[in-house]
Amino acid sequence: MARKSTTQQVAISTIGAWFFGFLIFFPILWMVLASFKTELEAFAVPPSFLFFHWTTENYATVQERSDYLLHAMNSIIIAGGSTLVALLIAIPAAWSMAFSPTKRTKDILLWMLSTKMMPPVGVLVPIYLIYKSFGLLDSRIGLVFILCLGNLPIVIWMLFTYFKEIPRDILEAARMDGATIGRELVYVLTPMAIPGLASTLLLNLILAWNEAFWTLNLSTSNAAPLTTFIASYSSPEGLFWAKLSAASTLAIAPILVLGWFSQKQLVRGLTFGAVK
């Protein structure tokens, strides 16, 4: 029998949760506040929390210096495109591993997961030379391709875990009714897996949106997403903290709003298989 929580325990748990939540969110809050300060106030010691001269000058300067909408559109196309392509590849791959496993299935899954343990800098030079040879440097297609490959193991693992929870009897009933593999995927499995597909899509969209290593090394101007937009405010003259904070706030705002409204799906995606 589950233990009943007392009012005091609930209150302590709630206060603790809010405290750690605020602790995690505080750097983002500080960045947003710094974006409304002047450069002198951003460097001031001791720092001011709320009582300072609020200004939107940094946002105006950022927009004048860089084309925010172009970088935001690049981020949307690159993150969305890489996630959709990864899903198109991962759905049939996860289906085959979940419902038609072989003796090598577990080895393949572990091998795919092990590729995420390799530092990206280890393959930067060959990837850069390949992209240069095929004219993919500073192109949206090139970034979509590399981010798709980078996140593909995570997509397959998440979908594999979710597909394993779907009863085989439903698929066998569809096969007895004459459904082909293609129809089984499109009309039976996919509708049942919509929650898992949605959480997988959202999580990998966030991962692709925040990817900085490949976007900084494989793009310069035409296909540069918001990560490159932020990095442009780091110069040999030093860091302009207020303007950097404004650029960072503009960069994370879309994905922060998306994460806020889809947090339930994200939590479900992150806890697949954790509770049986």
# chains A, B, ... in the order shown; residues from 1 in each chain; ligands from 1
$ residues_around --residues "Lys37 (chain A)" --least-positions-apart "4" --cutoff "7 Å" --atoms "only C-alpha atoms" --output "list in words"
Leu33, Glu41, Ala42, His53, Trp54, Thr55 and Ala242 of chain A
$ write_last_selection --atoms "all heavy atoms" --output "PDB file, in the first residue's frame"
ATOM      1  N   LEU A  33      17.626  39.742 -17.893  1.00  0.00           N
ATOM      2  CA  LEU A  33      17.781  41.023 -17.208  1.00  0.00           C
ATOM      3  C   LEU A  33      18.989  41.788 -17.749  1.00  0.00           C
ATOM      4  O   LEU A  33      18.925  43.009 -17.948  1.00  0.00           O
ATOM      5  CB  LEU A  33      17.933  40.798 -15.700  1.00  0.00           C
ATOM      6  CG  LEU A  33      16.700  40.281 -14.959  1.00  0.00           C
ATOM      7  CD1 LEU A  33      17.034  39.988 -13.506  1.00  0.00           C
ATOM      8  CD2 LEU A  33      15.551  41.280 -15.044  1.00  0.00           C
ATOM      9  N   GLU A  41      26.422  48.745 -16.779  1.00  0.00           N
ATOM     10  CA  GLU A  41      25.633  48.102 -15.719  1.00  0.00           C
ATOM     11  C   GLU A  41      25.774  46.585 -15.763  1.00  0.00           C
ATOM     12  O   GLU A  41      25.685  45.913 -14.737  1.00  0.00           O
ATOM     13  CB  GLU A  41      24.168  48.510 -15.853  1.00  0.00           C
ATOM     14  CG  GLU A  41      23.913  49.964 -15.476  1.00  0.00           C
ATOM     15  CD  GLU A  41      22.489  50.374 -15.717  1.00  0.00           C
ATOM     16  OE1 GLU A  41      21.888  49.860 -16.686  1.00  0.00           O
ATOM     17  OE2 GLU A  41      21.969  51.215 -14.964  1.00  0.00           O
ATOM     18  N   ALA A  42      25.977  46.031 -16.964  1.00  0.00           N
ATOM     19  CA  ALA A  42      26.152  44.584 -17.081  1.00  0.00           C
ATOM     20  C   ALA A  42      27.441  44.117 -16.423  1.00  0.00           C
ATOM     21  O   ALA A  42      27.535  42.973 -15.972  1.00  0.00           O
ATOM     22  CB  ALA A  42      26.135  44.175 -18.552  1.00  0.00           C
ATOM     23  N   HIS A  53      18.758  51.040 -14.794  1.00  0.00           N
ATOM     24  CA  HIS A  53      18.134  51.786 -15.891  1.00  0.00           C
ATOM     25  C   HIS A  53      17.790  50.828 -17.027  1.00  0.00           C
ATOM     26  O   HIS A  53      18.666  50.360 -17.749  1.00  0.00           O
ATOM     27  CB  HIS A  53      19.078  52.883 -16.393  1.00  0.00           C
ATOM     28  CG  HIS A  53      18.538  53.639 -17.574  1.00  0.00           C
ATOM     29  ND1 HIS A  53      17.410  54.423 -17.501  1.00  0.00           N
ATOM     30  CD2 HIS A  53      18.973  53.701 -18.861  1.00  0.00           C
ATOM     31  CE1 HIS A  53      17.163  54.954 -18.683  1.00  0.00           C
ATOM     32  NE2 HIS A  53      18.099  54.528 -19.531  1.00  0.00           N
ATOM     33  N   TRP A  54      16.506  50.516 -17.180  1.00  0.00           N
ATOM     34  CA  TRP A  54      16.060  49.576 -18.207  1.00  0.00           C
ATOM     35  C   TRP A  54      16.120  50.234 -19.579  1.00  0.00           C
ATOM     36  O   TRP A  54      15.692  51.372 -19.747  1.00  0.00           O
ATOM     37  CB  TRP A  54      14.633  49.114 -17.916  1.00  0.00           C
ATOM     38  CG  TRP A  54      14.521  48.247 -16.702  1.00  0.00           C
ATOM     39  CD1 TRP A  54      14.717  48.633 -15.413  1.00  0.00           C
ATOM     40  CD2 TRP A  54      14.204  46.862 -16.663  1.00  0.00           C
ATOM     41  NE1 TRP A  54      14.545  47.569 -14.556  1.00  0.00           N
ATOM     42  CE2 TRP A  54      14.221  46.466 -15.293  1.00  0.00           C
ATOM     43  CE3 TRP A  54      13.903  45.909 -17.626  1.00  0.00           C
ATOM     44  CZ2 TRP A  54      13.948  45.161 -14.890  1.00  0.00           C
ATOM     45  CZ3 TRP A  54      13.638  44.600 -17.222  1.00  0.00           C
ATOM     46  CH2 TRP A  54      13.661  44.238 -15.867  1.00  0.00           C
ATOM     47  N   THR A  55      16.662  49.522 -20.553  1.00  0.00           N
ATOM     48  CA  THR A  55      16.767  50.049 -21.906  1.00  0.00           C
ATOM     49  C   THR A  55      16.627  48.926 -22.929  1.00  0.00           C
ATOM     50  O   THR A  55      16.989  47.778 -22.653  1.00  0.00           O
ATOM     51  CB  THR A  55      18.125  50.755 -22.114  1.00  0.00           C
ATOM     52  OG1 THR A  55      18.224  51.219 -23.466  1.00  0.00           O
ATOM     53  CG2 THR A  55      19.287  49.815 -21.835  1.00  0.00           C
ATOM     54  N   ALA A 242      25.955  42.826 -22.482  1.00  0.00           N
ATOM     55  CA  ALA A 242      24.571  43.256 -22.646  1.00  0.00           C
ATOM     56  C   ALA A 242      24.041  42.886 -24.027  1.00  0.00           C
ATOM     57  O   ALA A 242      22.933  42.354 -24.159  1.00  0.00           O
ATOM     58  CB  ALA A 242      24.460  44.765 -22.416  1.00  0.00           C
TER      59      ALA A 242
END
$ select_by_dssp --residues "region 109-270 of chain A" --states "strand (DSSP E or B)" --output "list of chain:residue names"
A:Ser234, A:Ser235, A:Gly238, A:Leu239
$ residues_around --residues "Ser66 (chain A)" --least-positions-apart "2" --cutoff "10 Å" --atoms "only C-alpha atoms" --output "number ranges by chain"
A: 61-64, 68-71, 229-230, 232-233, 247
$ write_last_selection --atoms "N, CA, C and O atoms" --output "compact mmCIF listing (two decimals), in the first residue's frame"
# COMPACT_ATOMS: atom_id res chain seq x y z
N THR A 61 20.33 47.55 -31.35
CA THR A 61 21.68 47.40 -31.90
C THR A 61 21.88 46.03 -32.54
O THR A 61 22.47 45.91 -33.62
N VAL A 62 21.37 45.00 -31.87
CA VAL A 62 21.49 43.64 -32.40
C VAL A 62 20.78 43.51 -33.73
O VAL A 62 21.30 42.92 -34.69
N GLN A 63 19.58 44.08 -33.84
CA GLN A 63 18.82 43.98 -35.08
C GLN A 63 19.48 44.79 -36.19
O GLN A 63 19.45 44.38 -37.37
N GLU A 64 20.10 45.93 -35.85
CA GLU A 64 20.79 46.73 -36.86
C GLU A 64 22.05 46.03 -37.37
O GLU A 64 22.39 46.10 -38.55
N TYR A 68 18.29 39.25 -37.77
CA TYR A 68 17.77 38.21 -36.88
C TYR A 68 16.80 37.28 -37.60
O TYR A 68 16.83 36.06 -37.41
N LEU A 69 15.92 37.84 -38.43
CA LEU A 69 14.91 37.02 -39.10
C LEU A 69 15.55 36.00 -40.03
O LEU A 69 15.07 34.86 -40.13
N LEU A 70 16.64 36.37 -40.70
CA LEU A 70 17.34 35.42 -41.57
C LEU A 70 17.92 34.27 -40.77
O LEU A 70 17.77 33.10 -41.13
N HIS A 71 18.58 34.59 -39.66
CA HIS A 71 19.16 33.54 -38.81
C HIS A 71 18.06 32.67 -38.20
O HIS A 71 18.22 31.45 -38.09
N PHE A 229 24.66 33.37 -34.94
CA PHE A 229 24.21 34.73 -34.63
C PHE A 229 24.68 35.13 -33.23
O PHE A 229 25.17 36.25 -33.02
N ILE A 230 24.59 34.23 -32.26
CA ILE A 230 25.06 34.53 -30.90
C ILE A 230 26.58 34.64 -30.87
O ILE A 230 27.14 35.56 -30.26
N SER A 232 28.62 35.61 -33.00
CA SER A 232 29.16 36.79 -33.67
C SER A 232 29.39 37.95 -32.70
O SER A 232 30.08 38.91 -33.04
N TYR A 233 28.84 37.86 -31.48
CA TYR A 233 29.02 38.93 -30.50
C TYR A 233 30.19 38.66 -29.57
O TYR A 233 30.36 39.34 -28.57
N ALA A 247 21.17 39.14 -27.77
CA ALA A 247 21.19 38.18 -28.89
C ALA A 247 20.80 36.78 -28.41
O ALA A 247 20.04 36.07 -29.09
$ closest_residue --among "A:Asn58, A:Gly122, A:Trp209, A:Asn222" --to "Ala253 (chain A)" --atoms "only C-alpha atoms"
A:Trp209
$ residues_around --residues "Pro225 (chain A)" --least-positions-apart "6" --cutoff "7 Å" --atoms "only C-alpha atoms" --output "ChimeraX atom specification"
/A:71-72,74-75
$ write_last_selection --atoms "C-alpha atoms" --output "PDB file, in the first residue's frame"
ATOM      1  CA  HIS A  71      19.160  33.539 -38.811  1.00  0.00           C
ATOM      2  CA  ALA A  72      15.847  32.524 -37.209  1.00  0.00           C
ATOM      3  CA  ASN A  74      17.763  29.234 -41.034  1.00  0.00           C
ATOM      4  CA  SER A  75      17.357  27.717 -37.564  1.00  0.00           C
TER       5      SER A  75
END
$ residues_around --residues "Phe213 (chain A)" --least-positions-apart "4" --cutoff "10 Å" --atoms "only C-alpha atoms" --output "ChimeraX atom specification"
/A:120-121,124,217-218,227-228
$ closest_residue --among "A:Ile154, A:Trp95, A:Met176, A:Gly259" --to "Ala193 (chain A)" --atoms "only C-alpha atoms"
A:Trp95
$ select_by_dssp --residues "region 197-268 of chain A" --states "helix (DSSP H, G or I)" --output "PyMOL selection string"
chain A and resi 197-210+213-218+226-231+241-261+263-268
$ atom_distance --atom1 "CA of Tyr59 (chain A)" --atom2 "CA of Ala246 (chain A)"
5.8 Å
